[in-house]
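Each remark here refers to the structure printed beneath this line.
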Amino acid sequence: MIKVYLNRKITPRVANGHPWIFNNEVDKVDGEVLGGETVEVYSHDKKFIGKGYINPKSQILVRLLTRNKADEINEQYFYTEIKKCWDYRKQLGYTENCRLVFGEADSMPQLIIDKFNDYFVLQTLSLGIDNWKPAIVDALNKIFKPKGIYERNDVPVRELEGLAQQKGFLSAPFDTNIIIKENGFQFHVDIENGQKTGYFLDQQDNRKAIQHIVKGADVLGAFTYTGTFEIHAAMYGAKSVLGIDISENAVAQANKNAKLNNVQDSCRFETANAFDVLKQWSNEGRQYDVVMLDPPAFTKNRETIQKAIAGYKEINLRGMKLVRPGGFLVTSSCTNLVNEEMFLHTIDIAAKDAKRKLRQVLFQRQSGDHPIIRGMDNTHYLKFLIVQVQ
Ligand code: SAH
């Protein structure tokens, strides 16, 4: 097997359990590497560190799968690991829909599998894990006997690994417009053309958290995608709900979801740029009992963190102004480079500028099917805050 030896001084990151090994952390590689092979990683003094997969095309040369020397990386290995992921989700009660595999947090770097009841959507975002796709599909078939498996590898990050973007069936073809149930409500999910894997499972527990504050309320939601938060609000008894998203497709799907749950009279969606309308409507003095914001990630690189923070400040400032005194702001951030402290600080600054006082009701992260590993920043990304705006 190919052996990779790290530099004398290994970074605390690797020592503390992070699975990524960058090119500049490697002293030498023994063996001929084409890309995608399983390798053994050793410290400079030949102590075993772990086994993983290698890709010389990527800046992240090796991603570790295991630190146990006895583990053999083969078909059976992936079956066992995916089975473990399923046992964990079942234990936590995520039996119908869940992120079944959350990459690094499940020791399978760059592998994402979302389970939508009997359907599975898969992303293999690095060469090493992409090579195991047949074994992964085989494991899903054995464990779940799914009605369908679909690949959503139409993700630009694959190109950093020398992989093409692609999507398609990994099972017999099936109707990719499915309906899932969450917290007792129903949602259309477009597996083939929806954003990411089609549906944002990471907010599933947070959607439940709005239950009591929306009763009898006038609710405004921005960045709604297919309207999941807003339909929850309507189903939990909101008086009126308006949702806006910049994507016409998302708005069409959201209106379809309102009909599916029979709340089309109280809950409607419109296409608009949230930055424009939040500003305009707050200037006009519109008022809502609850305003909900769930924007996409504002940056993926460190150079533009300040711009992302300015974006959060802007929408939250406007959002607060739109809340009647005593009402609630429900606000999220999924930018992992904007950490919790930065996000909460930005909300405080926005409140100051809006001349409003906040009382924190609740602060949560993503749901437990997306476990967080301390020190692994990319597993620790979603911030979800409810504040009362006085
Ligand atoms: N709340 C949703 C997820 C939202 S994802 C859920 O729980 O399912 C972020 C959404 O913001 C996307 O649907 C995207 O189309 C939308 N978006 C991005 N920029 C926008 C803008 N400037 N104005 C309004 N919507 C925007």
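A note on labels: chains of the structure tokens are A, B, ... as shown, every chain counts residues from 1, and ligands are counted from 1 in their shown order.
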
Self-check item: Spatial neighbours of region 54-71 of chain A, 6 Å, only C-alpha atoms, chain gap at least 5 places, as a PyMOL selection string
Solution: chain A and resi 19-23+35-37+49+107-108+161

Practice problem: Would you mind listing what lies within 12 Å of region 277-279 of chain A as an MDAnalysis selection string, with only C-alpha atoms counted and same-chain residues fewer than 2 positions away left out? | Solution: chainID A and resid 220:223 243:246 270:275 281:288 291:293 314:323

Quiz item: Taking into account only C-alpha atoms and all ligand atoms, which residue in the set A:Cys334, A:Ala217, A:Ala351, A:Val137 is nearest to ligand 1?
Solution: A:Cys334

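Among A:Tyr77, A:Phe269, A:Phe174, A:Tyr150, the residue with the shortest atom-to-atom distance to ligand 1, counting only C-alpha atoms and all ligand atoms, is A:Phe269.
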
Exercise. Skip region 336-347 of chain A itself and residues of its chain fewer than 3 positions away, then list as number ranges by chain all residues within 9 Å of it, counting only C-alpha atoms.
Key: A: 297, 299-302, 305, 308-310, 312-313, 316-317, 333, 350-352, 377-383, 385

Lys28 (chain A): which residues within 10 Å, counting only C-alpha atoms, same-chain residues fewer than 4 positions away excluded, as a compact mmCIF listing (two decimals) with N, CA and C atoms, in the first residue's frame?
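Saved file out.txt follows:
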```
# COMPACT_ATOMS: atom_id res chain seq x y z
N LYS A 3 2.42 4.63 1.02
CA LYS A 3 2.61 5.22 2.36
C LYS A 3 2.92 6.71 2.23
N VAL A 4 2.26 7.48 3.06
CA VAL A 4 2.45 8.93 3.06
C VAL A 4 3.08 9.31 4.41
N TYR A 5 4.22 10.02 4.35
CA TYR A 5 4.88 10.45 5.59
C TYR A 5 4.72 11.95 5.76
N LEU A 6 4.28 12.32 6.93
CA LEU A 6 4.06 13.75 7.18
C LEU A 6 5.35 14.44 7.59
N ASN A 7 5.33 15.76 7.54
CA ASN A 7 6.47 16.54 8.00
C ASN A 7 6.74 16.28 9.48
N ASN A 23 -1.22 19.25 1.03
CA ASN A 23 0.04 18.98 0.32
C ASN A 23 1.27 19.39 1.10
N HIS A 44 6.49 11.55 10.74
CA HIS A 44 7.86 11.50 10.20
C HIS A 44 8.67 10.38 10.84
```

Exercise. Please provide the set of residues having any atom within 7 Å of region 97-104 of chain A, restricted to only C-alpha atoms, with same-chain residues fewer than 5 positions apart removed, written as a VMD selection string.
Key: chain A and resid 85 to 86 89 109 to 117 201 369 to 370

Practice problem: Would you mind telling me which residue in A:Gln76, A:Asn257, A:Gln203, A:Asn16 lies nearest to ligand 1 when using only C-alpha atoms and all ligand atoms? | Solution: A:Gln203

Practice problem: Kindly give the distance, in Å, that separates CA of Gln390 (chain A) and CA of His212 (chain A), rounded to a single decimal. | Solution: 17.8 Å

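Proximity to ligand 1 was assessed for A:Phe363, A:Tyr79, A:Tyr199, A:Phe384 counting only C-alpha atoms and all ligand atoms; the smallest distance is recorded for A:Tyr199.
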
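Shortest separation to ligand 1 among A:Asn153, A:Gln204, A:Ser171, A:Gln123 occurs at residue A:Gln204, atoms counted being only C-alpha atoms and all ligand atoms.
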
Self-check item: Among the residues A:Asn183, A:Asn141, A:Thr176, A:Thr228, the one that comes closest to Ile82 (chain A) [using only C-alpha atoms]
Solution: A:Asn141
